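The data block below is coords-v3.pdb; it holds PDB, C-alpha atoms and all ligand atoms.
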```pdb
ATOM      1  CA  MET A1274       0.000   0.000   0.000  1.00  0.00           C
ATOM      2  CA  ARG A1275       1.303   3.399  -0.964  1.00  0.00           C
ATOM      3  CA  GLN A1276       0.605   6.026   1.684  1.00  0.00           C
ATOM      4  CA  PRO A1277      -0.526   9.273   0.008  1.00  0.00           C
ATOM      5  CA  ILE A1278       1.556  12.426   0.379  1.00  0.00           C
ATOM      6  CA  MET A1279       0.245  15.966   0.313  1.00  0.00           C
ATOM      7  CA  ALA A1280       3.241  18.251  -0.085  1.00  0.00           C
ATOM      8  CA  GLY A1281       3.227  22.024  -0.039  1.00  0.00           C
ATOM      9  CA  ASN A1282       5.997  23.595  -2.087  1.00  0.00           C
ATOM     10  CA  TRP A1283       6.029  27.158  -0.851  1.00  0.00           C
ATOM     11  CA  LYS A1284       8.538  28.233  -3.511  1.00  0.00           C
ATOM     12  CA  MET A1285       9.869  31.754  -2.682  1.00  0.00           C
ATOM     13  CA  ASN A1286       7.036  32.720  -0.356  1.00  0.00           C
ATOM     14  CA  LYS A1287       6.634  33.583   3.340  1.00  0.00           C
ATOM     15  CA  THR A1288       8.926  35.361   5.767  1.00  0.00           C
ATOM     16  CA  GLU A1289       9.929  33.593   8.967  1.00  0.00           C
ATOM     17  CA  HIS A1290       7.043  35.137  10.841  1.00  0.00           C
ATOM     18  CA  GLU A1291       4.513  34.182   8.166  1.00  0.00           C
ATOM     19  CA  ALA A1292       5.911  30.661   8.069  1.00  0.00           C
ATOM     20  CA  ALA A1293       5.483  30.229  11.829  1.00  0.00           C
ATOM     21  CA  ASP A1294       1.936  31.626  11.708  1.00  0.00           C
ATOM     22  CA  PHE A1295       1.018  29.203   8.937  1.00  0.00           C
ATOM     23  CA  VAL A1296       2.215  26.191  10.915  1.00  0.00           C
ATOM     24  CA  LYS A1297       0.464  27.343  14.085  1.00  0.00           C
ATOM     25  CA  GLU A1298      -2.762  27.528  12.097  1.00  0.00           C
ATOM     26  CA  LEU A1299      -2.299  24.255  10.220  1.00  0.00           C
ATOM     27  CA  LYS A1300      -1.209  22.038  13.111  1.00  0.00           C
ATOM     28  CA  PRO A1301      -4.524  21.759  14.984  1.00  0.00           C
ATOM     29  CA  ARG A1302      -6.461  21.468  11.719  1.00  0.00           C
ATOM     30  CA  VAL A1303      -4.623  18.300  10.685  1.00  0.00           C
ATOM     31  CA  SER A1304      -3.712  16.736  14.017  1.00  0.00           C
ATOM     32  CA  GLY A1305      -4.734  13.110  14.196  1.00  0.00           C
ATOM     33  CA  ILE A1306      -4.335  12.479  10.472  1.00  0.00           C
ATOM     34  CA  SER A1307      -2.141   9.453  10.022  1.00  0.00           C
ATOM     35  CA  ASN A1308      -3.219   8.061   6.648  1.00  0.00           C
ATOM     36  CA  CYS A1309      -1.539  10.811   4.625  1.00  0.00           C
ATOM     37  CA  THR A1310       2.021  12.102   4.806  1.00  0.00           C
ATOM     38  CA  ILE A1311       1.788  15.853   5.350  1.00  0.00           C
ATOM     39  CA  LEU A1312       4.826  17.702   4.119  1.00  0.00           C
ATOM     40  CA  ILE A1313       5.758  21.353   3.901  1.00  0.00           C
ATOM     41  CA  CYS A1314       8.720  22.653   1.957  1.00  0.00           C
ATOM     42  CA  PRO A1315       9.497  26.239   2.996  1.00  0.00           C
ATOM     43  CA  PRO A1316      12.411  28.363   1.749  1.00  0.00           C
ATOM     44  CA  PHE A1317      15.779  27.415   3.294  1.00  0.00           C
ATOM     45  CA  CYS A1318      15.843  30.348   5.719  1.00  0.00           C
ATOM     46  CA  ASN A1319      12.604  29.195   7.351  1.00  0.00           C
ATOM     47  CA  LEU A1320      13.430  25.509   7.749  1.00  0.00           C
ATOM     48  CA  SER A1321      14.736  25.786  11.278  1.00  0.00           C
ATOM     49  CA  LYS A1322      11.829  27.919  12.465  1.00  0.00           C
ATOM     50  CA  VAL A1323       9.272  25.608  10.863  1.00  0.00           C
ATOM     51  CA  HIS A1324      11.035  22.621  12.381  1.00  0.00           C
ATOM     52  CA  ASP A1325      10.636  24.150  15.843  1.00  0.00           C
ATOM     53  CA  GLU A1326       6.934  24.667  15.164  1.00  0.00           C
ATOM     54  CA  ILE A1327       6.186  21.169  13.859  1.00  0.00           C
ATOM     55  CA  VAL A1328       8.006  19.302  16.591  1.00  0.00           C
ATOM     56  CA  ASP A1329       5.727  16.552  18.010  1.00  0.00           C
ATOM     57  CA  SER A1330       3.265  16.970  15.145  1.00  0.00           C
ATOM     58  CA  ASN A1331       2.382  14.798  12.148  1.00  0.00           C
ATOM     59  CA  ILE A1332       3.841  17.368   9.739  1.00  0.00           C
ATOM     60  CA  GLN A1333       7.126  16.638   8.014  1.00  0.00           C
ATOM     61  CA  LEU A1334       9.693  19.064   6.721  1.00  0.00           C
ATOM     62  CA  GLY A1335      11.249  19.214   3.260  1.00  0.00           C
ATOM     63  CA  ALA A1336      13.578  21.537   1.392  1.00  0.00           C
ATOM     64  CA  GLN A1337      13.130  22.785  -2.151  1.00  0.00           C
ATOM     65  CA  ASN A1338      16.642  22.072  -3.395  1.00  0.00           C
ATOM     66  CA  LEU A1339      20.120  20.959  -2.326  1.00  0.00           C
ATOM     67  CA  PHE A1340      23.676  20.850  -3.640  1.00  0.00           C
ATOM     68  CA  TRP A1341      25.425  17.522  -4.165  1.00  0.00           C
ATOM     69  CA  GLU A1342      28.647  18.216  -2.229  1.00  0.00           C
ATOM     70  CA  ASP A1343      28.552  17.899   1.570  1.00  0.00           C
ATOM     71  CA  LYS A1344      30.536  21.086   2.262  1.00  0.00           C
ATOM     72  CA  GLY A1345      33.129  23.430   0.869  1.00  0.00           C
ATOM     73  CA  ALA A1346      33.572  26.579  -1.194  1.00  0.00           C
ATOM     74  CA  PHE A1347      30.187  26.661  -2.916  1.00  0.00           C
ATOM     75  CA  THR A1348      28.822  30.094  -2.056  1.00  0.00           C
ATOM     76  CA  GLY A1349      25.077  30.192  -1.679  1.00  0.00           C
ATOM     77  CA  GLU A1350      24.548  26.430  -1.752  1.00  0.00           C
ATOM     78  CA  ILE A1351      23.042  24.130   0.899  1.00  0.00           C
ATOM     79  CA  SER A1352      24.009  20.477   1.426  1.00  0.00           C
ATOM     80  CA  ALA A1353      22.156  17.342   2.434  1.00  0.00           C
ATOM     81  CA  PRO A1354      23.838  17.147   5.889  1.00  0.00           C
ATOM     82  CA  MET A1355      22.735  20.754   6.516  1.00  0.00           C
ATOM     83  CA  LEU A1356      19.146  19.905   5.610  1.00  0.00           C
ATOM     84  CA  LYS A1357      19.250  16.869   7.890  1.00  0.00           C
ATOM     85  CA  SER A1358      20.604  18.995  10.721  1.00  0.00           C
ATOM     86  CA  VAL A1359      17.534  21.269  10.648  1.00  0.00           C
ATOM     87  CA  GLY A1360      15.097  18.373  10.599  1.00  0.00           C
ATOM     88  CA  CYS A1361      14.327  17.811   6.921  1.00  0.00           C
ATOM     89  CA  THR A1362      13.199  14.354   5.910  1.00  0.00           C
ATOM     90  CA  TYR A1363      12.446  15.213   2.270  1.00  0.00           C
ATOM     91  CA  VAL A1364      13.972  17.353  -0.457  1.00  0.00           C
ATOM     92  CA  ILE A1365      12.520  18.370  -3.809  1.00  0.00           C
ATOM     93  CA  VAL A1366      14.953  17.806  -6.672  1.00  0.00           C
ATOM     94  CA  GLY A1367      14.765  19.103 -10.243  1.00  0.00           C
ATOM     95  CA  HIS A1368      11.642  21.222  -9.996  1.00  0.00           C
ATOM     96  CA  SER A1369      10.840  22.650 -13.432  1.00  0.00           C
ATOM     97  CA  GLU A1370      11.488  26.174 -12.154  1.00  0.00           C
ATOM     98  CA  ARG A1371      15.006  25.107 -11.206  1.00  0.00           C
ATOM     99  CA  ARG A1372      15.485  23.473 -14.601  1.00  0.00           C
ATOM    100  CA  GLN A1373      14.044  26.511 -16.399  1.00  0.00           C
ATOM    101  CA  TYR A1374      15.618  29.422 -14.485  1.00  0.00           C
ATOM    102  CA  PHE A1375      18.680  27.924 -12.825  1.00  0.00           C
ATOM    103  CA  GLY A1376      20.084  25.630 -15.469  1.00  0.00           C
ATOM    104  CA  GLU A1377      19.437  22.271 -13.801  1.00  0.00           C
ATOM    105  CA  THR A1378      19.827  19.278 -16.073  1.00  0.00           C
ATOM    106  CA  ASP A1379      19.086  15.576 -15.754  1.00  0.00           C
ATOM    107  CA  GLU A1380      22.749  15.151 -14.882  1.00  0.00           C
ATOM    108  CA  THR A1381      22.701  17.627 -11.960  1.00  0.00           C
ATOM    109  CA  VAL A1382      19.364  16.193 -10.856  1.00  0.00           C
ATOM    110  CA  ASN A1383      20.960  12.740 -10.752  1.00  0.00           C
ATOM    111  CA  LYS A1384      23.871  13.990  -8.609  1.00  0.00           C
ATOM    112  CA  LYS A1385      21.491  15.736  -6.225  1.00  0.00           C
ATOM    113  CA  ILE A1386      19.293  12.644  -5.857  1.00  0.00           C
ATOM    114  CA  LYS A1387      22.353  10.555  -4.993  1.00  0.00           C
ATOM    115  CA  ALA A1388      23.470  13.140  -2.408  1.00  0.00           C
ATOM    116  CA  ALA A1389      20.013  13.142  -0.835  1.00  0.00           C
ATOM    117  CA  LEU A1390      19.909   9.334  -0.665  1.00  0.00           C
ATOM    118  CA  ALA A1391      23.424   9.127   0.757  1.00  0.00           C
ATOM    119  CA  HIS A1392      22.181  11.182   3.705  1.00  0.00           C
ATOM    120  CA  HIS A1393      18.875   9.332   4.112  1.00  0.00           C
ATOM    121  CA  LEU A1394      16.698  12.131   2.782  1.00  0.00           C
ATOM    122  CA  ASN A1395      13.681  11.199   0.687  1.00  0.00           C
ATOM    123  CA  ALA A1396      14.033  12.779  -2.752  1.00  0.00           C
ATOM    124  CA  ILE A1397      10.978  14.110  -4.581  1.00  0.00           C
ATOM    125  CA  VAL A1398      12.122  14.016  -8.176  1.00  0.00           C
ATOM    126  CA  CYS A1399      10.205  16.343 -10.495  1.00  0.00           C
ATOM    127  CA  VAL A1400       9.558  15.666 -14.162  1.00  0.00           C
ATOM    128  CA  GLY A1401       7.243  17.299 -16.651  1.00  0.00           C
ATOM    129  CA  GLU A1402       6.852  18.544 -20.216  1.00  0.00           C
ATOM    130  CA  THR A1403       6.318  22.038 -21.613  1.00  0.00           C
ATOM    131  CA  LEU A1404       3.215  22.971 -23.566  1.00  0.00           C
ATOM    132  CA  GLU A1405       5.243  23.019 -26.760  1.00  0.00           C
ATOM    133  CA  GLN A1406       6.541  19.498 -26.108  1.00  0.00           C
ATOM    134  CA  ARG A1407       3.005  18.285 -25.414  1.00  0.00           C
ATOM    135  CA  GLU A1408       1.680  19.866 -28.590  1.00  0.00           C
ATOM    136  CA  LYS A1409       4.495  18.276 -30.604  1.00  0.00           C
ATOM    137  CA  GLU A1410       3.584  14.907 -29.046  1.00  0.00           C
ATOM    138  CA  GLN A1411       6.964  14.617 -27.344  1.00  0.00           C
ATOM    139  CA  THR A1412       5.573  14.146 -23.819  1.00  0.00           C
ATOM    140  CA  PHE A1413       6.403  10.453 -23.429  1.00  0.00           C
ATOM    141  CA  LYS A1414       9.888  10.898 -24.843  1.00  0.00           C
ATOM    142  CA  VAL A1415      10.635  13.874 -22.575  1.00  0.00           C
ATOM    143  CA  ILE A1416       9.342  12.144 -19.437  1.00  0.00           C
ATOM    144  CA  GLU A1417      11.195   8.929 -20.237  1.00  0.00           C
ATOM    145  CA  LYS A1418      14.479  10.808 -20.600  1.00  0.00           C
ATOM    146  CA  GLN A1419      13.973  12.764 -17.367  1.00  0.00           C
ATOM    147  CA  VAL A1420      13.063   9.635 -15.391  1.00  0.00           C
ATOM    148  CA  LYS A1421      15.781   7.378 -16.816  1.00  0.00           C
ATOM    149  CA  GLU A1422      18.608   9.915 -16.672  1.00  0.00           C
ATOM    150  CA  GLY A1423      17.530  11.411 -13.367  1.00  0.00           C
ATOM    151  CA  LEU A1424      17.423   8.002 -11.697  1.00  0.00           C
ATOM    152  CA  LYS A1425      20.462   6.535 -13.456  1.00  0.00           C
ATOM    153  CA  GLY A1426      22.638   4.281 -11.331  1.00  0.00           C
ATOM    154  CA  LEU A1427      20.160   3.820  -8.485  1.00  0.00           C
ATOM    155  CA  GLU A1428      19.851   0.416  -6.810  1.00  0.00           C
ATOM    156  CA  SER A1429      16.438  -1.168  -6.195  1.00  0.00           C
ATOM    157  CA  SER A1430      16.876  -0.540  -2.476  1.00  0.00           C
ATOM    158  CA  ASP A1431      17.232   3.215  -3.133  1.00  0.00           C
ATOM    159  CA  PHE A1432      13.678   3.474  -4.391  1.00  0.00           C
ATOM    160  CA  LYS A1433      12.120   3.307  -0.950  1.00  0.00           C
ATOM    161  CA  ASN A1434      13.395   6.876  -0.558  1.00  0.00           C
ATOM    162  CA  ILE A1435      12.312   8.080  -3.994  1.00  0.00           C
ATOM    163  CA  VAL A1436       9.079   9.900  -4.742  1.00  0.00           C
ATOM    164  CA  ILE A1437       8.378  11.113  -8.262  1.00  0.00           C
ATOM    165  CA  ALA A1438       6.337  14.213  -9.012  1.00  0.00           C
ATOM    166  CA  TYR A1439       4.793  14.625 -12.436  1.00  0.00           C
ATOM    167  CA  GLU A1440       4.296  18.342 -12.973  1.00  0.00           C
ATOM    168  CA  PRO A1441       3.317  19.346 -16.500  1.00  0.00           C
ATOM    169  CA  ILE A1442       4.877  22.793 -16.863  1.00  0.00           C
ATOM    170  CA  TRP A1443       1.819  24.171 -18.646  1.00  0.00           C
ATOM    171  CA  ALA A1444      -0.274  23.401 -15.558  1.00  0.00           C
ATOM    172  CA  ILE A1445       1.987  25.059 -12.954  1.00  0.00           C
ATOM    173  CA  GLY A1446       0.570  28.261 -11.554  1.00  0.00           C
ATOM    174  CA  THR A1447      -1.694  28.647 -14.563  1.00  0.00           C
ATOM    175  CA  GLY A1448      -4.945  27.431 -13.063  1.00  0.00           C
ATOM    176  CA  LYS A1449      -4.982  24.916 -15.915  1.00  0.00           C
ATOM    177  CA  THR A1450      -4.905  21.407 -14.426  1.00  0.00           C
ATOM    178  CA  ALA A1451      -4.184  18.277 -16.395  1.00  0.00           C
ATOM    179  CA  THR A1452      -7.395  16.267 -16.521  1.00  0.00           C
ATOM    180  CA  PRO A1453      -7.328  13.253 -14.212  1.00  0.00           C
ATOM    181  CA  ALA A1454      -7.130  11.052 -17.313  1.00  0.00           C
ATOM    182  CA  GLN A1455      -4.197  13.027 -18.763  1.00  0.00           C
ATOM    183  CA  ALA A1456      -2.342  12.855 -15.445  1.00  0.00           C
ATOM    184  CA  GLU A1457      -3.114   9.168 -14.919  1.00  0.00           C
ATOM    185  CA  GLU A1458      -1.823   8.330 -18.392  1.00  0.00           C
ATOM    186  CA  ILE A1459       1.588   9.808 -17.565  1.00  0.00           C
ATOM    187  CA  HIS A1460       1.672   8.422 -14.017  1.00  0.00           C
ATOM    188  CA  ALA A1461       1.033   4.908 -15.309  1.00  0.00           C
ATOM    189  CA  PHE A1462       3.715   5.450 -17.946  1.00  0.00           C
ATOM    190  CA  ILE A1463       6.227   6.612 -15.302  1.00  0.00           C
ATOM    191  CA  ARG A1464       5.450   3.572 -13.153  1.00  0.00           C
ATOM    192  CA  LYS A1465       6.255   1.303 -16.109  1.00  0.00           C
ATOM    193  CA  LEU A1466       9.640   2.987 -16.465  1.00  0.00           C
ATOM    194  CA  LEU A1467      10.624   2.054 -12.907  1.00  0.00           C
ATOM    195  CA  PRO A1468      12.414  -1.201 -12.070  1.00  0.00           C
ATOM    196  CA  LYS A1469       9.772  -3.952 -11.892  1.00  0.00           C
ATOM    197  CA  GLU A1470      10.619  -5.016  -8.345  1.00  0.00           C
ATOM    198  CA  VAL A1471       9.936  -1.542  -6.911  1.00  0.00           C
ATOM    199  CA  ALA A1472       7.400  -0.009  -9.321  1.00  0.00           C
ATOM    200  CA  ALA A1473       4.325  -0.822  -7.240  1.00  0.00           C
ATOM    201  CA  GLU A1474       5.822   0.776  -4.111  1.00  0.00           C
ATOM    202  CA  VAL A1475       7.032   4.134  -5.462  1.00  0.00           C
ATOM    203  CA  ARG A1476       4.748   7.078  -4.844  1.00  0.00           C
ATOM    204  CA  ILE A1477       4.053   9.319  -7.818  1.00  0.00           C
ATOM    205  CA  LEU A1478       2.629  12.756  -7.048  1.00  0.00           C
ATOM    206  CA  TYR A1479       0.809  15.073  -9.404  1.00  0.00           C
ATOM    207  CA  GLY A1480       1.562  18.811  -9.400  1.00  0.00           C
ATOM    208  CA  GLY A1481       0.114  21.689 -11.356  1.00  0.00           C
ATOM    209  CA  SER A1482      -2.826  23.767 -10.130  1.00  0.00           C
ATOM    210  CA  VAL A1483      -3.984  21.182  -7.594  1.00  0.00           C
ATOM    211  CA  LYS A1484      -6.767  22.802  -5.556  1.00  0.00           C
ATOM    212  CA  PRO A1485      -9.633  21.789  -3.284  1.00  0.00           C
ATOM    213  CA  GLU A1486     -12.004  21.640  -6.270  1.00  0.00           C
ATOM    214  CA  ASN A1487      -9.997  19.089  -8.254  1.00  0.00           C
ATOM    215  CA  VAL A1488      -8.048  17.127  -5.633  1.00  0.00           C
ATOM    216  CA  LYS A1489     -10.584  14.373  -5.078  1.00  0.00           C
ATOM    217  CA  GLU A1490     -10.855  13.428  -8.707  1.00  0.00           C
ATOM    218  CA  LEU A1491      -7.097  13.490  -9.191  1.00  0.00           C
ATOM    219  CA  MET A1492      -6.542  11.369  -6.076  1.00  0.00           C
ATOM    220  CA  GLY A1493      -9.130   8.902  -7.357  1.00  0.00           C
ATOM    221  CA  GLN A1494      -6.783   7.807 -10.132  1.00  0.00           C
ATOM    222  CA  PRO A1495      -5.010   4.510  -9.472  1.00  0.00           C
ATOM    223  CA  ASP A1496      -1.481   5.792 -10.070  1.00  0.00           C
ATOM    224  CA  ILE A1497      -1.786   9.227  -8.439  1.00  0.00           C
ATOM    225  CA  ASP A1498      -0.437   8.970  -4.908  1.00  0.00           C
ATOM    226  CA  GLY A1499      -0.558  12.579  -3.806  1.00  0.00           C
ATOM    227  CA  GLY A1500       0.002  16.168  -4.736  1.00  0.00           C
ATOM    228  CA  LEU A1501       2.923  18.566  -4.938  1.00  0.00           C
ATOM    229  CA  VAL A1502       1.118  21.823  -4.466  1.00  0.00           C
ATOM    230  CA  GLY A1503       2.170  25.440  -4.903  1.00  0.00           C
ATOM    231  CA  GLY A1504      -0.460  28.162  -4.630  1.00  0.00           C
ATOM    232  CA  ALA A1505      -3.151  26.181  -2.806  1.00  0.00           C
ATOM    233  CA  ALA A1506      -0.668  25.099  -0.117  1.00  0.00           C
ATOM    234  CA  LEU A1507       0.075  28.661   0.984  1.00  0.00           C
ATOM    235  CA  LYS A1508      -3.112  29.073   2.984  1.00  0.00           C
ATOM    236  CA  ALA A1509      -3.806  26.757   5.920  1.00  0.00           C
ATOM    237  CA  ASP A1510      -7.495  26.330   5.090  1.00  0.00           C
ATOM    238  CA  SER A1511      -7.006  25.274   1.468  1.00  0.00           C
ATOM    239  CA  PHE A1512      -4.017  23.051   2.351  1.00  0.00           C
ATOM    240  CA  GLU A1513      -6.170  21.436   5.039  1.00  0.00           C
ATOM    241  CA  GLN A1514      -8.852  20.719   2.441  1.00  0.00           C
ATOM    242  CA  LEU A1515      -6.261  19.091   0.198  1.00  0.00           C
ATOM    243  CA  ILE A1516      -4.946  16.935   3.034  1.00  0.00           C
ATOM    244  CA  LYS A1517      -8.495  15.867   3.875  1.00  0.00           C
ATOM    245  CA  TYR A1518      -9.471  15.226   0.247  1.00  0.00           C
TER     246      TYR A1518
HETATM  247  P1  LIG B1601       0.831  25.339  -8.411  1.00  0.00           P
HETATM  248  O1  LIG B1601       0.092  24.399  -7.495  1.00  0.00           O
HETATM  249  O2  LIG B1601       0.859  26.748  -7.924  1.00  0.00           O
HETATM  250  O3  LIG B1601       0.373  25.199  -9.833  1.00  0.00           O
HETATM  251  O4  LIG B1601       2.383  24.874  -8.398  1.00  0.00           O
HETATM  252  C1  LIG B1601       2.680  23.546  -8.649  1.00  0.00           C
HETATM  253  C2  LIG B1601       4.110  23.311  -8.349  1.00  0.00           C
HETATM  254  O5  LIG B1601       4.989  23.740  -9.078  1.00  0.00           O
HETATM  255  C3  LIG B1601       4.441  22.583  -7.114  1.00  0.00           C
HETATM  256  O6  LIG B1601       5.779  22.217  -7.082  1.00  0.00           O
END
```

Translate the structure described by the file into structure tokens.
Amino acid sequence: MRQPIMAGNWKMNKTEHEAADFVKELKPRVSGISNCTILICPPFCNLSKVHDEIVDSNIQLGAQNLFWEDKGAFTGEISAPMLKSVGCTYVIVGHSERRQYFGETDETVNKKIKAALAHHLNAIVCVGETLEQREKEQTFKVIEKQVKEGLKGLESSDFKNIVIAYEPIWAIGTGKTATPAQAEEIHAFIRKLLPKEVAAEVRILYGGSVKPENVKELMGQPDIDGGLVGGAALKADSFEQLIKY
């Protein structure tokens, strides 16, 4: 059985104060929920504060990125041991915004995944096609390359710490969601790309304009195991509705 995950990717939003207020509001709303992994991924500077707030709760902490070296002269970067030290259990790797604006490639994604796994962090590996690629019917090819190259060299045993997020770029922040059938088609395809012995266990999240109005139908698909949510995860009441889909 794959336990669902509802993950809030805050992107570059919320000051420390706003982050703490959010958690104070969310915590009582979701206490007692044990059938869904609840995850929030604040900006780096708020990780420690959020960790203090979620202590003894059912909310887990994730980061939005990491660098693959453990330490050294890499100005502005953050390593897996640093994320562990502030209480992270998850890290998002290869979000499309990082690929698009910060030059991440399947090769850097692969190095980052390996660094996360080496330090026992769960990696949420993001894949997804642009609108142009979808219109040119390149979606399957693009996703296959991202999955295969991103996960290159992993052992079967590594997959217990891998989560995949399918986020079609044309659906991110646009209000335009993939239909449940469109999402399911790609999720099932991704599952087939995974090593047979682990495929049934790996959780595959959908991301792209997930909101309270569409979450139930998306989560009703057999291969959709949760959501990676931007906008609708920034307010405690809508994130609560997603968690309680
Ligand atoms: P939105 O939910 O705002 O479309 O963002 C999706 C996303 O990119 C989550 O990582």

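The nearest approach to ligand LIG 1601 (chain B) among the residues A:Arg1302, A:Lys1449, A:Lys1384, A:Lys1517, with all atoms listed in the file taken into account, belongs to A:Lys1449.
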
Exercise for the section: Would you kindly translate the PyMOL selection byres (((chain A and resi 1407) around 12) and not hetatm) into the concrete residues it picks from this file, as a VMD selection string? Expected result: chain A and resid 1401 to 1406 1408 to 1416 1441 to 1444 1451 1455 1459

Interface rows for chain A against ligand LIG 1601 (chain B): nearest pair, Å to one decimal, 10 Å, only C-alpha atoms and all ligand atoms, as a Markdown table:
```
| residue | atom | partner | partner_atom | distance |
| --- | --- | --- | --- | --- |
| A:Ala1280 | CA | B:LIG1601 | C3 | 8.3 |
| A:Gly1281 | CA | B:LIG1601 | C3 | 7.2 |
| A:Asn1282 | CA | B:LIG1601 | O6 | 5.2 |
| A:Trp1283 | CA | B:LIG1601 | C3 | 7.9 |
| A:Lys1284 | CA | B:LIG1601 | O6 | 7.5 |
| A:Cys1314 | CA | B:LIG1601 | O6 | 9.5 |
| A:Gln1337 | CA | B:LIG1601 | O6 | 8.9 |
| A:Ile1365 | CA | B:LIG1601 | O6 | 8.4 |
| A:His1368 | CA | B:LIG1601 | O6 | 6.6 |
| A:Ser1369 | CA | B:LIG1601 | O5 | 7.4 |
| A:Glu1370 | CA | B:LIG1601 | O5 | 7.6 |
| A:Ile1397 | CA | B:LIG1601 | O6 | 10.0 |
| A:Cys1399 | CA | B:LIG1601 | O6 | 8.1 |
| A:Ala1438 | CA | B:LIG1601 | O6 | 8.3 |
| A:Tyr1439 | CA | B:LIG1601 | O6 | 9.3 |
| A:Glu1440 | CA | B:LIG1601 | O5 | 6.7 |
| A:Pro1441 | CA | B:LIG1601 | O5 | 8.8 |
| A:Ile1442 | CA | B:LIG1601 | O5 | 7.8 |
| A:Trp1443 | CA | B:LIG1601 | O3 | 9.0 |
| A:Ala1444 | CA | B:LIG1601 | O3 | 6.0 |
| A:Ile1445 | CA | B:LIG1601 | O3 | 3.5 |
| A:Gly1446 | CA | B:LIG1601 | O3 | 3.5 |
| A:Thr1447 | CA | B:LIG1601 | O3 | 6.2 |
| A:Gly1448 | CA | B:LIG1601 | O3 | 6.6 |
| A:Lys1449 | CA | B:LIG1601 | O3 | 8.1 |
| A:Thr1450 | CA | B:LIG1601 | O3 | 8.0 |
| A:Leu1478 | CA | B:LIG1601 | O6 | 10.0 |
| A:Tyr1479 | CA | B:LIG1601 | C3 | 8.7 |
| A:Gly1480 | CA | B:LIG1601 | C1 | 4.9 |
| A:Gly1481 | CA | B:LIG1601 | O3 | 3.8 |
| A:Ser1482 | CA | B:LIG1601 | O3 | 3.5 |
| A:Val1483 | CA | B:LIG1601 | O1 | 5.2 |
| A:Lys1484 | CA | B:LIG1601 | O1 | 7.3 |
| A:Gly1500 | CA | B:LIG1601 | C3 | 8.2 |
| A:Leu1501 | CA | B:LIG1601 | C3 | 4.8 |
| A:Val1502 | CA | B:LIG1601 | O1 | 4.1 |
| A:Gly1503 | CA | B:LIG1601 | O1 | 3.5 |
| A:Gly1504 | CA | B:LIG1601 | O2 | 3.8 |
| A:Ala1505 | CA | B:LIG1601 | O1 | 6.0 |
| A:Ala1506 | CA | B:LIG1601 | O1 | 7.4 |
| A:Leu1507 | CA | B:LIG1601 | O2 | 9.1 |
```

Practice task
Can you give me, as a PyMOL selection string, the residues this file yields under the PyMOL selection byres (((chain A and resi 1285-1292) around 7) and not hetatm)?
Solution key: chain A and resi 1283-1284+1293-1296+1316+1319+1322-1323

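Within 10 Å of the point (13.6, 4.7, -5.6), and counting all atoms listed in the file, the protein, DNA and RNA residues are Ile1386, Leu1390, Asn1395, Ala1396, Ile1397, Val1398, Leu1424, Leu1427, Glu1428, Ser1429, Ser1430, Asp1431, Phe1432, Lys1433, Asn1434, Ile1435, Val1436, Ile1437, Leu1467, Pro1468, Val1471, Ala1472, Glu1474, Val1475 and Arg1476 of chain A.
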
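Minimum atom-to-atom distances from A:Met1279, A:Met1492, A:Ile1497, A:Leu1334 to Ala1473 of chain A were compared using all atoms listed in the file, and the lowest value belongs to A:Ile1497.
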
Problem - One-decimal distance in Å that lies between atom CA of Lys1421 of chain A and atom CA of Arg1275 of chain A - result: 21.8 Å

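When only C-alpha atoms are used to compute distances to Leu1320 of chain A, the closest of the residues A:Pro1301, A:Gly1499, A:Gly1345, A:Gly1360 turns out to be A:Gly1360.
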
Take the PyMOL selection byres (((chain A and resi 1461) around 10) and not hetatm), apply it to the structure above, and return the hits as a CSV table (one decimal) with C-alpha atoms, in the coordinates of the input.
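Printed below is selection24.csv as written:
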```csv
chain,number,residue,atom,x,y,z
A,1456,ALA,CA,-2.3,12.9,-15.4
A,1457,GLU,CA,-3.1,9.2,-14.9
A,1458,GLU,CA,-1.8,8.3,-18.4
A,1459,ILE,CA,1.6,9.8,-17.6
A,1460,HIS,CA,1.7,8.4,-14.0
A,1462,PHE,CA,3.7,5.4,-17.9
A,1463,ILE,CA,6.2,6.6,-15.3
A,1464,ARG,CA,5.4,3.6,-13.2
A,1465,LYS,CA,6.3,1.3,-16.1
A,1466,LEU,CA,9.6,3.0,-16.5
A,1477,ILE,CA,4.1,9.3,-7.8
A,1494,GLN,CA,-6.8,7.8,-10.1
A,1495,PRO,CA,-5.0,4.5,-9.5
A,1496,ASP,CA,-1.5,5.8,-10.1
A,1497,ILE,CA,-1.8,9.2,-8.4
```

Exercise for the section: Identify, on the basis of all atoms listed in the file, every residue whose closest approach to His1392 of chain A does not exceed 8 Å; exclude the query and any residue fewer than 5 positions from it along the same chain; express the result as a list of chain:residue names. Expected result: A:Ala1353, A:Pro1354, A:Lys1357

Handout entry: Of the listed residues A:Asp1498, A:Asn1331, A:Ala1389, A:Asn1383, that which approaches Ile1351 of chain A most closely, counting all atoms listed in the file
Key = A:Ala1389

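You will find atom CA of Lys1344 of chain A at 27.0 Å from atom CA of Gln1419 of chain A.
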
Practice task
Skip Ser1330 of chain A itself and residues of its chain fewer than 6 positions away, then list as a list in words all residues within 9 Å of it, counting all atoms listed in the file.
Solution key: Lys1300, Ser1304 and Gly1305 of chain A

Please determine an axis-aligned box that encloses all atoms of segment 1295-1308 of chain A listed in the file, with 8 Å added on each side, and express its centre and edge lengths in Å to one decimal as lines of an AutoDock Vina configuration file.
```
center_x = -2.1
center_y = 18.6
center_z = 10.8
size_x = 24.7
size_y = 37.1
size_z = 24.3
```

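Atom CA of Ala1454 of chain A sits 25.8 Å away from atom CA of Glu1422 of chain A.
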